[in-house]
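Shown here: data_37.json, JSON, C-alpha atoms and all ligand atoms.
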[["chain", "number", "residue", "atom", "x", "y", "z"],
["A", 1, "MET", "CA", -11.64, 9.82, 9.88],
["A", 2, "LYS", "CA", -13.68, 6.74, 10.98],
["A", 3, "ASP", "CA", -11.92, 4.14, 8.81],
["A", 4, "PHE", "CA", -8.99, 3.83, 6.42],
["A", 5, "ILE", "CA", -10.27, 1.69, 3.57],
["A", 6, "ALA", "CA", -9.13, 3.55, 0.44],
["A", 7, "ILE", "CA", -6.85, 6.52, -0.15],
["A", 8, "SER", "CA", -9.40, 7.94, -2.59],
["A", 9, "ASP", "CA", -11.81, 8.46, 0.34],
["A", 10, "TYR", "CA", -9.58, 11.38, 1.39],
["A", 11, "SER", "CA", -8.72, 14.79, 0.01],
["A", 12, "SER", "CA", -5.27, 15.94, -1.10],
["A", 13, "GLU", "CA", -5.09, 18.05, 2.08],
["A", 14, "GLU", "CA", -5.91, 15.07, 4.32],
["A", 15, "ILE", "CA", -3.29, 12.90, 2.62],
["A", 16, "GLU", "CA", -0.68, 15.68, 2.92],
["A", 17, "ASP", "CA", -1.59, 16.02, 6.60],
["A", 18, "LEU", "CA", -1.09, 12.27, 7.12],
["A", 19, "LEU", "CA", 2.32, 12.48, 5.43],
["A", 20, "ASP", "CA", 3.35, 15.44, 7.60],
["A", 21, "LEU", "CA", 2.30, 13.52, 10.70],
["A", 22, "ALA", "CA", 4.19, 10.40, 9.55],
["A", 23, "ILE", "CA", 7.34, 12.49, 9.06],
["A", 24, "LYS", "CA", 6.91, 13.99, 12.53],
["A", 25, "LEU", "CA", 6.32, 10.62, 14.22],
["A", 26, "LYS", "CA", 9.29, 9.09, 12.38],
["A", 27, "LYS", "CA", 11.59, 11.88, 13.55],
["A", 28, "GLU", "CA", 10.29, 11.59, 17.11],
["A", 29, "TYR", "CA", 10.74, 7.78, 17.09],
["A", 30, "PHE", "CA", 14.41, 8.02, 16.09],
["A", 31, "LYS", "CA", 15.14, 10.94, 18.41],
["A", 32, "LYS", "CA", 13.67, 9.91, 21.74],
["A", 33, "GLY", "CA", 10.98, 7.33, 21.01],
["A", 34, "ASN", "CA", 7.29, 7.99, 20.45],
["A", 35, "LYS", "CA", 5.02, 9.32, 23.17],
["A", 36, "PRO", "CA", 2.51, 6.74, 24.53],
["A", 37, "ILE", "CA", -0.36, 8.16, 22.47],
["A", 38, "PHE", "CA", -1.92, 4.69, 21.95],
["A", 39, "GLN", "CA", -1.84, 3.77, 25.67],
["A", 40, "GLY", "CA", -4.82, 1.59, 26.64],
["A", 41, "LYS", "CA", -5.53, 0.78, 22.98],
["A", 42, "VAL", "CA", -5.34, -2.61, 21.28],
["A", 43, "LEU", "CA", -5.46, -3.15, 17.52],
["A", 44, "GLY", "CA", -7.09, -6.41, 16.44],
["A", 45, "MET", "CA", -5.42, -7.69, 13.27],
["A", 46, "ILE", "CA", -7.50, -10.00, 11.07],
["A", 47, "PHE", "CA", -5.42, -11.82, 8.45],
["A", 48, "GLN", "CA", -6.96, -13.93, 5.69],
["A", 49, "LYS", "CA", -3.61, -14.05, 3.83],
["A", 50, "PRO", "CA", 0.06, -14.28, 4.88],
["A", 51, "SER", "CA", 2.08, -11.17, 5.78],
["A", 52, "LEU", "CA", 5.48, -10.06, 7.04],
["A", 53, "ARG", "CA", 5.50, -6.26, 6.73],
["A", 54, "THR", "CA", 1.84, -5.51, 7.48],
["A", 55, "ARG", "CA", 1.69, -7.77, 10.52],
["A", 56, "VAL", "CA", 4.97, -6.67, 12.11],
["A", 57, "SER", "CA", 4.74, -2.97, 11.26],
["A", 58, "PHE", "CA", 1.20, -2.60, 12.66],
["A", 59, "ASP", "CA", 2.14, -4.54, 15.80],
["A", 60, "MET", "CA", 5.26, -2.40, 16.33],
["A", 61, "ALA", "CA", 3.41, 0.84, 15.50],
["A", 62, "MET", "CA", 1.03, 0.08, 18.37],
["A", 63, "ARG", "CA", 3.80, -0.95, 20.81],
["A", 64, "HIS", "CA", 6.07, 2.02, 20.04],
["A", 65, "CYS", "CA", 3.19, 4.32, 20.99],
["A", 66, "GLY", "CA", 2.27, 2.49, 24.21],
["A", 67, "GLY", "CA", -0.52, 0.30, 22.80],
["A", 68, "ASP", "CA", -0.78, -3.37, 21.87],
["A", 69, "ALA", "CA", -1.89, -5.55, 18.97],
["A", 70, "LEU", "CA", -3.58, -8.93, 18.70],
["A", 71, "TYR", "CA", -3.05, -11.23, 15.69],
["A", 72, "LEU", "CA", -6.15, -13.13, 14.63],
["A", 73, "SER", "CA", -5.37, -15.94, 12.21],
["A", 74, "PRO", "CA", -7.65, -17.04, 9.34],
["A", 75, "ASN", "CA", -8.45, -20.35, 11.04],
["A", 76, "GLU", "CA", -9.42, -18.74, 14.34],
["A", 77, "ILE", "CA", -11.77, -16.17, 12.88],
["A", 78, "GLY", "CA", -13.25, -17.95, 9.89],
["A", 79, "LEU", "CA", -14.42, -14.61, 8.49],
["A", 80, "GLY", "CA", -17.88, -15.15, 7.01],
["A", 81, "LYS", "CA", -17.57, -18.93, 7.46],
["A", 82, "ARG", "CA", -17.58, -19.74, 11.17],
["A", 83, "GLU", "CA", -19.44, -16.50, 11.85],
["A", 84, "SER", "CA", -20.88, -13.64, 9.83],
["A", 85, "ILE", "CA", -18.73, -10.55, 9.23],
["A", 86, "ALA", "CA", -21.42, -8.38, 10.82],
["A", 87, "ASP", "CA", -21.34, -10.43, 14.04],
["A", 88, "ILE", "CA", -17.52, -10.55, 14.15],
["A", 89, "ALA", "CA", -17.36, -6.76, 13.74],
["A", 90, "ARG", "CA", -19.86, -6.14, 16.53],
["A", 91, "VAL", "CA", -18.23, -8.61, 18.94],
["A", 92, "LEU", "CA", -14.70, -7.29, 18.36],
["A", 93, "SER", "CA", -15.92, -3.69, 18.78],
["A", 94, "GLY", "CA", -16.38, -4.49, 22.48],
["A", 95, "TYR", "CA", -12.90, -6.04, 22.90],
["A", 96, "VAL", "CA", -10.41, -3.91, 20.95],
["A", 97, "GLN", "CA", -10.17, -0.23, 20.00],
["A", 98, "ALA", "CA", -9.48, -0.64, 16.26],
["A", 99, "LEU", "CA", -9.28, -3.35, 13.63],
["A", 100, "MET", "CA", -6.91, -3.97, 10.77],
["A", 101, "ALA", "CA", -8.10, -6.48, 8.19],
["A", 102, "ARG", "CA", -6.34, -8.21, 5.30],
["A", 103, "THR", "CA", -9.01, -9.91, 3.24],
["A", 104, "PHE", "CA", -9.33, -11.40, -0.22],
["A", 105, "ASP", "CA", -12.64, -9.78, -1.14],
["A", 106, "HIS", "CA", -12.63, -5.97, -0.77],
["A", 107, "ALA", "CA", -16.35, -6.12, 0.11],
["A", 108, "HIS", "CA", -15.39, -7.98, 3.29],
["A", 109, "VAL", "CA", -13.28, -5.15, 4.70],
["A", 110, "VAL", "CA", -16.03, -2.70, 3.73],
["A", 111, "GLU", "CA", -18.58, -4.90, 5.51],
["A", 112, "LEU", "CA", -16.42, -5.03, 8.64],
["A", 113, "ALA", "CA", -16.21, -1.23, 8.67],
["A", 114, "LYS", "CA", -19.96, -0.96, 8.17],
["A", 115, "TRP", "CA", -20.72, -3.00, 11.29],
["A", 116, "ALA", "CA", -17.81, -2.09, 13.56],
["A", 117, "ASP", "CA", -18.18, 0.80, 16.02],
["A", 118, "ILE", "CA", -14.39, 1.14, 16.03],
["A", 119, "PRO", "CA", -12.05, 2.25, 13.21],
["A", 120, "VAL", "CA", -11.23, -0.33, 10.54],
["A", 121, "VAL", "CA", -8.00, -0.19, 8.51],
["A", 122, "ASN", "CA", -7.59, -2.03, 5.21],
["A", 123, "GLY", "CA", -4.35, -4.03, 5.37],
["A", 124, "LEU", "CA", -4.66, -5.18, 1.71],
["A", 125, "SER", "CA", -7.63, -6.45, -0.22],
["A", 126, "ASP", "CA", -7.89, -7.70, -3.78],
["A", 127, "TYR", "CA", -8.85, -4.14, -4.78],
["A", 128, "ASN", "CA", -6.21, -1.98, -3.07],
["A", 129, "HIS", "CA", -3.47, -1.56, -0.47],
["A", 130, "PRO", "CA", -3.89, 1.92, 1.04],
["A", 131, "CYS", "CA", -1.35, 1.59, 3.89],
["A", 132, "GLN", "CA", 1.24, 0.57, 1.31],
["A", 133, "GLY", "CA", 0.26, 3.58, -0.81],
["A", 134, "MET", "CA", 0.88, 5.92, 2.14],
["A", 135, "ALA", "CA", 4.30, 4.38, 2.86],
["A", 136, "ASP", "CA", 5.12, 4.67, -0.86],
["A", 137, "ALA", "CA", 4.17, 8.35, -0.90],
["A", 138, "LEU", "CA", 6.21, 8.97, 2.26],
["A", 139, "THR", "CA", 9.24, 7.38, 0.59],
["A", 140, "ILE", "CA", 8.80, 9.42, -2.60],
["A", 141, "VAL", "CA", 8.44, 12.64, -0.59],
["A", 142, "GLU", "CA", 11.57, 11.79, 1.41],
["A", 143, "LYS", "CA", 13.48, 11.27, -1.82],
["A", 144, "PHE", "CA", 12.15, 14.17, -3.89],
["A", 145, "GLY", "CA", 10.94, 16.66, -1.27],
["A", 146, "LYS", "CA", 7.48, 18.00, -0.58],
["A", 147, "LYS", "CA", 7.44, 20.17, -3.68],
["A", 148, "SER", "CA", 7.33, 17.13, -5.91],
["A", 149, "LYS", "CA", 4.28, 18.10, -8.01],
["A", 150, "GLY", "CA", 4.78, 17.01, -11.62],
["A", 151, "LEU", "CA", 6.93, 14.04, -10.67],
["A", 152, "ASN", "CA", 6.67, 11.08, -13.07],
["A", 153, "VAL", "CA", 5.74, 7.82, -11.35],
["A", 154, "SER", "CA", 5.82, 4.73, -13.59],
["A", 155, "TYR", "CA", 4.43, 1.36, -12.67],
["A", 156, "VAL", "CA", 5.35, -1.66, -14.77],
["A", 157, "GLY", "CA", 3.68, -5.06, -14.50],
["A", 158, "ASP", "CA", 0.34, -6.35, -13.26],
["A", 159, "GLY", "CA", -2.27, -3.60, -12.75],
["A", 160, "ASN", "CA", -3.15, -4.89, -9.29],
["A", 161, "ASN", "CA", -4.21, -3.79, -5.79],
["A", 162, "VAL", "CA", -0.87, -2.07, -5.12],
["A", 163, "THR", "CA", -1.15, -0.15, -8.40],
["A", 164, "VAL", "CA", -4.59, 1.17, -7.41],
["A", 165, "SER", "CA", -3.39, 2.75, -4.15],
["A", 166, "LEU", "CA", -0.20, 4.05, -5.78],
["A", 167, "MET", "CA", -2.20, 5.71, -8.54],
["A", 168, "HIS", "CA", -4.73, 7.22, -6.13],
["A", 169, "VAL", "CA", -2.13, 8.69, -3.78],
["A", 170, "ALA", "CA", -0.03, 9.96, -6.70],
["A", 171, "ALA", "CA", -3.06, 11.60, -8.34],
["A", 172, "LEU", "CA", -4.03, 13.26, -5.05],
["A", 173, "LEU", "CA", -0.50, 14.65, -4.68],
["A", 174, "GLY", "CA", -0.35, 15.93, -8.27],
["A", 175, "TRP", "CA", 2.16, 13.39, -9.56],
["A", 176, "ASN", "CA", 1.91, 12.01, -13.10],
["A", 177, "VAL", "CA", 1.38, 8.26, -13.35],
["A", 178, "THR", "CA", 2.15, 5.97, -16.27],
["A", 179, "VAL", "CA", 1.15, 2.34, -16.06],
["A", 180, "GLY", "CA", 2.71, -0.16, -18.46],
["A", 181, "SER", "CA", 0.88, -3.47, -18.29],
["A", 182, "PRO", "CA", 0.17, -6.27, -20.77],
["A", 183, "GLU", "CA", -3.26, -6.76, -22.30],
["A", 184, "GLY", "CA", -5.56, -8.63, -19.92],
["A", 185, "TYR", "CA", -3.74, -7.30, -16.85],
["A", 186, "ASP", "CA", -5.03, -3.73, -16.76],
["A", 187, "MET", "CA", -6.09, -1.96, -13.62],
["A", 188, "ASN", "CA", -9.61, -2.13, -12.23],
["A", 189, "PRO", "CA", -11.60, 0.26, -14.50],
["A", 190, "LYS", "CA", -13.55, 1.71, -11.57],
["A", 191, "ALA", "CA", -10.26, 2.56, -9.81],
["A", 192, "VAL", "CA", -9.03, 4.24, -13.00],
["A", 193, "GLU", "CA", -12.22, 6.32, -13.21],
["A", 194, "ILE", "CA", -11.73, 7.44, -9.59],
["A", 195, "ALA", "CA", -8.10, 8.34, -10.35],
["A", 196, "GLN", "CA", -9.17, 10.32, -13.42],
["A", 197, "ASP", "CA", -11.67, 12.29, -11.35],
["A", 198, "ILE", "CA", -8.94, 13.14, -8.84],
["A", 199, "ALA", "CA", -6.44, 13.97, -11.59],
["A", 200, "ARG", "CA", -8.84, 16.46, -13.18],
["A", 201, "LYS", "CA", -8.72, 18.44, -9.92],
["A", 202, "THR", "CA", -5.01, 18.13, -9.13],
["A", 203, "GLY", "CA", -3.57, 18.41, -12.64],
["A", 204, "SER", "CA", -1.91, 15.01, -12.49],
["A", 205, "LYS", "CA", -1.57, 13.22, -15.83],
["A", 206, "LEU", "CA", -2.51, 9.52, -16.09],
["A", 207, "THR", "CA", -1.20, 7.45, -19.00],
["A", 208, "PHE", "CA", -1.71, 3.79, -19.84],
["A", 209, "VAL", "CA", 0.62, 1.98, -22.24],
["A", 210, "ARG", "CA", 1.51, -1.57, -23.21],
["A", 211, "ASP", "CA", 5.22, -1.03, -23.83],
["A", 212, "PRO", "CA", 7.32, -1.16, -20.62],
["A", 213, "HIS", "CA", 10.08, 0.90, -22.30],
["A", 214, "GLU", "CA", 7.63, 3.66, -23.14],
["A", 215, "ALA", "CA", 6.26, 3.44, -19.59],
["A", 216, "VAL", "CA", 9.59, 4.26, -17.91],
["A", 217, "LYS", "CA", 10.65, 7.09, -20.24],
["A", 218, "LYS", "CA", 11.40, 10.19, -18.07],
["A", 219, "ALA", "CA", 10.32, 8.30, -14.94],
["A", 220, "HIS", "CA", 11.52, 9.57, -11.58],
["A", 221, "VAL", "CA", 10.00, 6.51, -9.90],
["A", 222, "ILE", "CA", 9.87, 3.00, -11.33],
["A", 223, "TYR", "CA", 7.55, 0.74, -9.37],
["A", 224, "THR", "CA", 6.81, -2.94, -9.81],
["A", 225, "ASP", "CA", 5.08, -5.72, -7.89],
["A", 226, "THR", "CA", 4.69, -9.47, -8.09],
["A", 227, "TRP", "CA", 3.28, -10.92, -11.31],
["A", 228, "THR", "CA", 1.04, -13.24, -9.28],
["A", 229, "SER", "CA", -0.78, -11.85, -6.28],
["A", 230, "MET", "CA", -1.99, -13.86, -3.32],
["A", 231, "GLY", "CA", -5.07, -15.81, -4.36],
["A", 232, "GLN", "CA", -3.99, -16.04, -8.03],
["A", 233, "GLU", "CA", -1.52, -18.91, -7.53],
["A", 234, "GLU", "CA", -3.23, -21.21, -10.06],
["A", 235, "GLU", "CA", -2.44, -18.63, -12.79],
["A", 236, "THR", "CA", 1.30, -18.56, -11.98],
["A", 237, "ALA", "CA", 2.47, -20.58, -15.02],
["A", 238, "LYS", "CA", 0.44, -18.45, -17.45],
["A", 239, "ARG", "CA", 1.60, -15.19, -15.87],
["A", 240, "GLU", "CA", 5.27, -16.30, -15.97],
["A", 241, "GLN", "CA", 4.86, -16.48, -19.77],
["A", 242, "VAL", "CA", 3.26, -13.03, -20.12],
["A", 243, "PHE", "CA", 5.27, -10.79, -17.78],
["A", 244, "PRO", "CA", 9.03, -11.29, -18.53],
["A", 245, "PRO", "CA", 9.14, -8.24, -20.89],
["A", 246, "TYR", "CA", 7.99, -6.17, -17.89],
["A", 247, "GLN", "CA", 10.89, -7.22, -15.67],
["A", 248, "VAL", "CA", 12.56, -4.25, -13.95],
["A", 249, "ASN", "CA", 16.22, -4.85, -14.78],
["A", 250, "ALA", "CA", 19.29, -2.65, -15.34],
["A", 251, "ASN", "CA", 18.36, -2.15, -18.98],
["A", 252, "LEU", "CA", 14.89, -0.80, -18.16],
["A", 253, "VAL", "CA", 16.16, 1.36, -15.29],
["A", 254, "GLY", "CA", 18.75, 2.83, -17.68],
["A", 255, "GLU", "CA", 15.90, 4.17, -19.85],
["A", 256, "ALA", "CA", 14.40, 6.25, -17.01],
["A", 257, "ASP", "CA", 15.63, 9.51, -15.48],
["A", 258, "LYS", "CA", 19.23, 9.05, -14.33],
["A", 259, "ASP", "CA", 18.26, 9.69, -10.69],
["A", 260, "ALA", "CA", 15.16, 7.48, -10.79],
["A", 261, "ILE", "CA", 14.34, 5.43, -7.72],
["A", 262, "VAL", "CA", 13.12, 1.83, -7.92],
["A", 263, "MET", "CA", 10.29, 0.72, -5.67],
["A", 264, "HIS", "CA", 8.58, -2.57, -4.82],
["A", 265, "CYS", "CA", 6.09, -3.18, -2.02],
["A", 266, "LEU", "CA", 7.68, -6.59, -1.30],
["A", 267, "PRO", "CA", 7.70, -9.56, -1.06],
["A", 268, "ALA", "CA", 9.79, -9.54, -4.27],
["A", 269, "HIS", "CA", 10.24, -12.56, -6.49],
["A", 270, "ARG", "CA", 13.82, -11.79, -7.32],
["A", 271, "ASN", "CA", 14.90, -12.18, -10.92],
["A", 272, "HIS", "CA", 11.26, -12.38, -11.95],
["A", 273, "GLU", "CA", 9.67, -8.92, -11.70],
["A", 274, "LEU", "CA", 12.84, -7.34, -10.25],
["A", 275, "THR", "CA", 16.46, -8.42, -10.79],
["A", 276, "ASP", "CA", 18.87, -8.82, -7.88],
["A", 277, "ASP", "CA", 21.28, -6.17, -9.20],
["A", 278, "VAL", "CA", 18.49, -3.58, -9.34],
["A", 279, "ALA", "CA", 16.89, -4.59, -6.02],
["A", 280, "ASP", "CA", 20.25, -4.26, -4.28],
["A", 281, "GLY", "CA", 21.62, -1.46, -6.48],
["A", 282, "PRO", "CA", 21.95, 2.31, -6.05],
["A", 283, "HIS", "CA", 18.48, 3.20, -7.43],
["A", 284, "SER", "CA", 16.60, 0.88, -5.08],
["A", 285, "VAL", "CA", 14.69, 2.21, -2.05],
["A", 286, "ILE", "CA", 12.83, -1.02, -1.31],
["A", 287, "PHE", "CA", 13.92, -1.34, 2.32],
["A", 288, "GLN", "CA", 13.37, 2.34, 3.18],
["A", 289, "GLN", "CA", 9.94, 1.86, 1.62],
["A", 290, "ALA", "CA", 9.24, -1.26, 3.73],
["A", 291, "HIS", "CA", 10.40, 0.53, 6.90],
["A", 292, "ASN", "CA", 8.13, 3.48, 6.11],
["A", 293, "ARG", "CA", 5.10, 1.23, 6.59],
["A", 294, "LEU", "CA", 5.72, 1.65, 10.31],
["A", 295, "HIS", "CA", 5.74, 5.44, 10.27],
["A", 296, "ALA", "CA", 2.87, 5.87, 7.79],
["A", 297, "GLN", "CA", 0.67, 3.52, 9.83],
["A", 298, "LYS", "CA", 1.44, 5.30, 13.09],
["A", 299, "ALA", "CA", 0.07, 8.45, 11.44],
["A", 300, "ILE", "CA", -3.05, 6.65, 10.15],
["A", 301, "LEU", "CA", -3.74, 5.12, 13.58],
["A", 302, "ALA", "CA", -3.12, 8.44, 15.35],
["A", 303, "ARG", "CA", -5.69, 10.19, 13.15],
["A", 304, "LEU", "CA", -8.21, 7.33, 13.57],
["A", 305, "PHE", "CA", -7.79, 7.39, 17.38],
["A", 306, "ASP", "CA", -7.82, 11.20, 17.21],
["A", 307, "VAL", "CA", -4.78, 11.43, 19.45],
["A", 308, "ALA", "CA", -2.36, 13.55, 17.40],
["A", 401, "LIG", "N1", 3.98, -5.15, 1.32],
["A", 401, "LIG", "C1", 3.27, -5.92, 2.15],
["A", 401, "LIG", "O1", 2.09, -5.66, 2.42],
["A", 401, "LIG", "O2", 3.94, -6.99, 2.65],
["A", 401, "LIG", "P1", 3.30, -8.17, 3.49],
["A", 401, "LIG", "O3", 2.42, -8.95, 2.55],
["A", 401, "LIG", "O4", 4.47, -9.01, 3.95],
["A", 401, "LIG", "O5", 2.52, -7.62, 4.61],
["A", 402, "LIG", "N1", -0.07, -7.60, -5.06],
["A", 402, "LIG", "C1", 0.43, -8.37, -3.94],
["A", 402, "LIG", "C2", 0.85, -7.46, -2.85],
["A", 402, "LIG", "C3", 1.44, -8.14, -1.64],
["A", 402, "LIG", "C4", 1.84, -7.18, -0.56],
["A", 402, "LIG", "C5", -0.64, -9.34, -3.47],
["A", 402, "LIG", "O1", -1.81, -8.96, -3.41],
["A", 402, "LIG", "O2", -0.30, -10.48, -3.17]]

With the file now loaded, output its structure as structure tokens.
Ligand code: CP
Ligand code: NVA
Amino acid sequence: MKDFIAISDYSSEEIEDLLDLAIKLKKEYFKKGNKPIFQGKVLGMIFQKPSLRTRVSFDMAMRHCGGDALYLSPNEIGLGKRESIADIARVLSGYVQALMARTFDHAHVVELAKWADIPVVNGLSDYNHPCQGMADALTIVEKFGKKSKGLNVSYVGDGNNVTVSLMHVAALLGWNVTVGSPEGYDMNPKAVEIAQDIARKTGSKLTFVRDPHEAVKKAHVIYTDTWTSMGQEEETAKREQVFPPYQVNANLVGEADKDAIVMHCLPAHRNHELTDDVADGPHSVIFQQAHNRLHAQKAILARLFDVA
């Protein structure tokens, strides 16, 4: 593994291996703390957008394993504005041992990886959110066990970056995915094609519907995300008109499997895409899911540094 840019760059076996390692590192962390496997290593973190989970969980992942992290704000770096991405990548390659980048344009994180001599991790682009996808899979495996092939994962709402990584990881692990999104808010067609290629090999079934009720039928997992992603703020008013039927509320959850779990990558816009009673209710795993970012990312970093 040189970089971690998209889950679909990896095989089912590699993703299962990452999950096994995440489970091991999580257990070790809670038992006696992690070993200093990242000692002498610093992760440079380039952020073009705000973050709570990604910033803190990457920083803590490095510190728990004896390493360190450096936050690089949008104004400082001026990615592609103050300096070219190629030059930034080559300069930082001499200062830090790995980079995490949260960019708007997916091509920018790809460009960083192309020029950097050190591993580059995608911390969310407009196309996907692979570290989130790994934490999501870890949470699903914790809830349903490793033999969860044939599980029904339903995503309701905007077919966005989070949906892409969720679909790719689910397809690689043999889970069925149903996406219920309104017209005009479908997933990236290229990402769907990639998922279909994976699904043909793993036997996972991918379904796309418009009706949110149909989407959650027999679901073991109901997943939603914000109706307006970062960078789309000028569309907020329009989206607030379109998405209310896709709200994950008690009524919708009641139509899924009785033991279904409810997931959201957070930040949640409560009582928009997800109601308070569901977010804080018995089906919700949103905080376990957020905490799993830490453990999933330790595994990703350990494989990139080749230290575990
Ligand atoms: N889920 C997630 O990536 O959260 P942040 O935007 O706060 O990092
Ligand atoms: N889809 C959201 C995810 C935030 C973690 C966004 O891109 O803003």

Checklist line | Selection: 12 Å around Ser229 in chain A, only C-alpha atoms, excl. self and same-chain fewer than 2 positions, as a VMD selection string | finding: chain A and resid 49 to 50 104 124 to 128 157 to 163 185 225 to 227 231 to 236 239 265 to 269

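Between CA of Lys258 in chain A and CA of His220 in chain A lies a distance of 8.2 Å.
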
Which residues of range 3-112 of chain A come within 10 Å of range 140-153 of chain A, and what is each one's closest atom pair and distance in Å (one decimal), counting only C-alpha atoms, sorted by chain and residue number, as JSON lines?
{"residue": "A:Glu16", "atom": "CA", "partner": "A:Lys146", "partner_atom": "CA", "distance": 9.2}
{"residue": "A:Leu19", "atom": "CA", "partner": "A:Val141", "partner_atom": "CA", "distance": 8.6}
{"residue": "A:Asp20", "atom": "CA", "partner": "A:Lys146", "partner_atom": "CA", "distance": 9.5}
{"residue": "A:Ile23", "atom": "CA", "partner": "A:Glu142", "partner_atom": "CA", "distance": 8.8}

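Remark: for ligand LIG 401 (chain A), the closest of the candidate residues A:Cys131, A:Met100, A:Leu173, A:Val307 is A:Cys131 (distances computed over all atoms listed in the file).
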
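CA of Gly133 in chain A to CA of Val169 in chain A spans 6.4 Å [interatomic distance, one decimal].
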
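Going from CA of Leu18 in chain A to CA of Gln132 in chain A covers 13.3 Å.
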
Item checked: Which of A:Ile37, A:Val156, A:Met230, A:Ile77 sits closest to ligand LIG 402 (chain A) [using all atoms listed in the file] -> A:Met230

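Nearest residue to ligand LIG 401 (chain A) among A:Glu240, A:Asp306, A:Asp59, A:Asp259 is A:Asp59, counting all atoms listed in the file.
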
Since the input has fewer atoms than a full residue there, write range 4-9 of chain A out with all heavy atoms, as a PDB file, keeping the file's coordinate frame.
ATOM      1  N   PHE A   4      -9.974   3.600   7.486  1.00  0.00           N
ATOM      2  CA  PHE A   4      -8.990   3.830   6.420  1.00  0.00           C
ATOM      3  C   PHE A   4      -9.072   2.643   5.449  1.00  0.00           C
ATOM      4  O   PHE A   4      -8.390   1.643   5.593  1.00  0.00           O
ATOM      5  CB  PHE A   4      -7.585   3.986   7.009  1.00  0.00           C
ATOM      6  CG  PHE A   4      -6.617   4.590   6.037  1.00  0.00           C
ATOM      7  CD1 PHE A   4      -6.667   5.948   5.740  1.00  0.00           C
ATOM      8  CD2 PHE A   4      -5.666   3.803   5.405  1.00  0.00           C
ATOM      9  CE1 PHE A   4      -5.786   6.511   4.818  1.00  0.00           C
ATOM     10  CE2 PHE A   4      -4.775   4.352   4.485  1.00  0.00           C
ATOM     11  CZ  PHE A   4      -4.839   5.705   4.193  1.00  0.00           C
ATOM     12  N   ILE A   5      -9.965   2.796   4.489  1.00  0.00           N
ATOM     13  CA  ILE A   5     -10.270   1.690   3.570  1.00  0.00           C
ATOM     14  C   ILE A   5      -9.682   1.936   2.183  1.00  0.00           C
ATOM     15  O   ILE A   5      -9.272   1.009   1.496  1.00  0.00           O
ATOM     16  CB  ILE A   5     -11.821   1.513   3.437  1.00  0.00           C
ATOM     17  CG1 ILE A   5     -12.473   1.331   4.821  1.00  0.00           C
ATOM     18  CG2 ILE A   5     -12.168   0.365   2.508  1.00  0.00           C
ATOM     19  CD1 ILE A   5     -12.161   0.040   5.533  1.00  0.00           C
ATOM     20  N   ALA A   6      -9.673   3.203   1.765  1.00  0.00           N
ATOM     21  CA  ALA A   6      -9.130   3.550   0.440  1.00  0.00           C
ATOM     22  C   ALA A   6      -8.585   4.972   0.499  1.00  0.00           C
ATOM     23  O   ALA A   6      -9.209   5.855   1.107  1.00  0.00           O
ATOM     24  CB  ALA A   6     -10.227   3.465  -0.618  1.00  0.00           C
ATOM     25  N   ILE A   7      -7.456   5.190  -0.140  1.00  0.00           N
ATOM     26  CA  ILE A   7      -6.850   6.520  -0.150  1.00  0.00           C
ATOM     27  C   ILE A   7      -7.771   7.529  -0.847  1.00  0.00           C
ATOM     28  O   ILE A   7      -7.845   8.696  -0.457  1.00  0.00           O
ATOM     29  CB  ILE A   7      -5.459   6.451  -0.833  1.00  0.00           C
ATOM     30  CG1 ILE A   7      -4.480   5.720   0.101  1.00  0.00           C
ATOM     31  CG2 ILE A   7      -4.931   7.838  -1.209  1.00  0.00           C
ATOM     32  CD1 ILE A   7      -3.097   5.504  -0.442  1.00  0.00           C
ATOM     33  N   SER A   8      -8.523   7.041  -1.826  1.00  0.00           N
ATOM     34  CA  SER A   8      -9.400   7.940  -2.590  1.00  0.00           C
ATOM     35  C   SER A   8     -10.590   8.435  -1.763  1.00  0.00           C
ATOM     36  O   SER A   8     -11.355   9.276  -2.226  1.00  0.00           O
ATOM     37  CB  SER A   8      -9.891   7.232  -3.859  1.00  0.00           C
ATOM     38  OG  SER A   8     -10.498   6.021  -3.516  1.00  0.00           O
ATOM     39  N   ASP A   9     -10.759   7.926  -0.544  1.00  0.00           N
ATOM     40  CA  ASP A   9     -11.810   8.460   0.340  1.00  0.00           C
ATOM     41  C   ASP A   9     -11.386   9.797   0.943  1.00  0.00           C
ATOM     42  O   ASP A   9     -12.182  10.445   1.617  1.00  0.00           O
ATOM     43  CB  ASP A   9     -12.086   7.489   1.508  1.00  0.00           C
ATOM     44  CG  ASP A   9     -12.719   6.185   1.047  1.00  0.00           C
ATOM     45  OD1 ASP A   9     -13.293   6.173  -0.056  1.00  0.00           O
ATOM     46  OD2 ASP A   9     -12.631   5.185   1.781  1.00  0.00           O
TER      47      ASP A   9
END
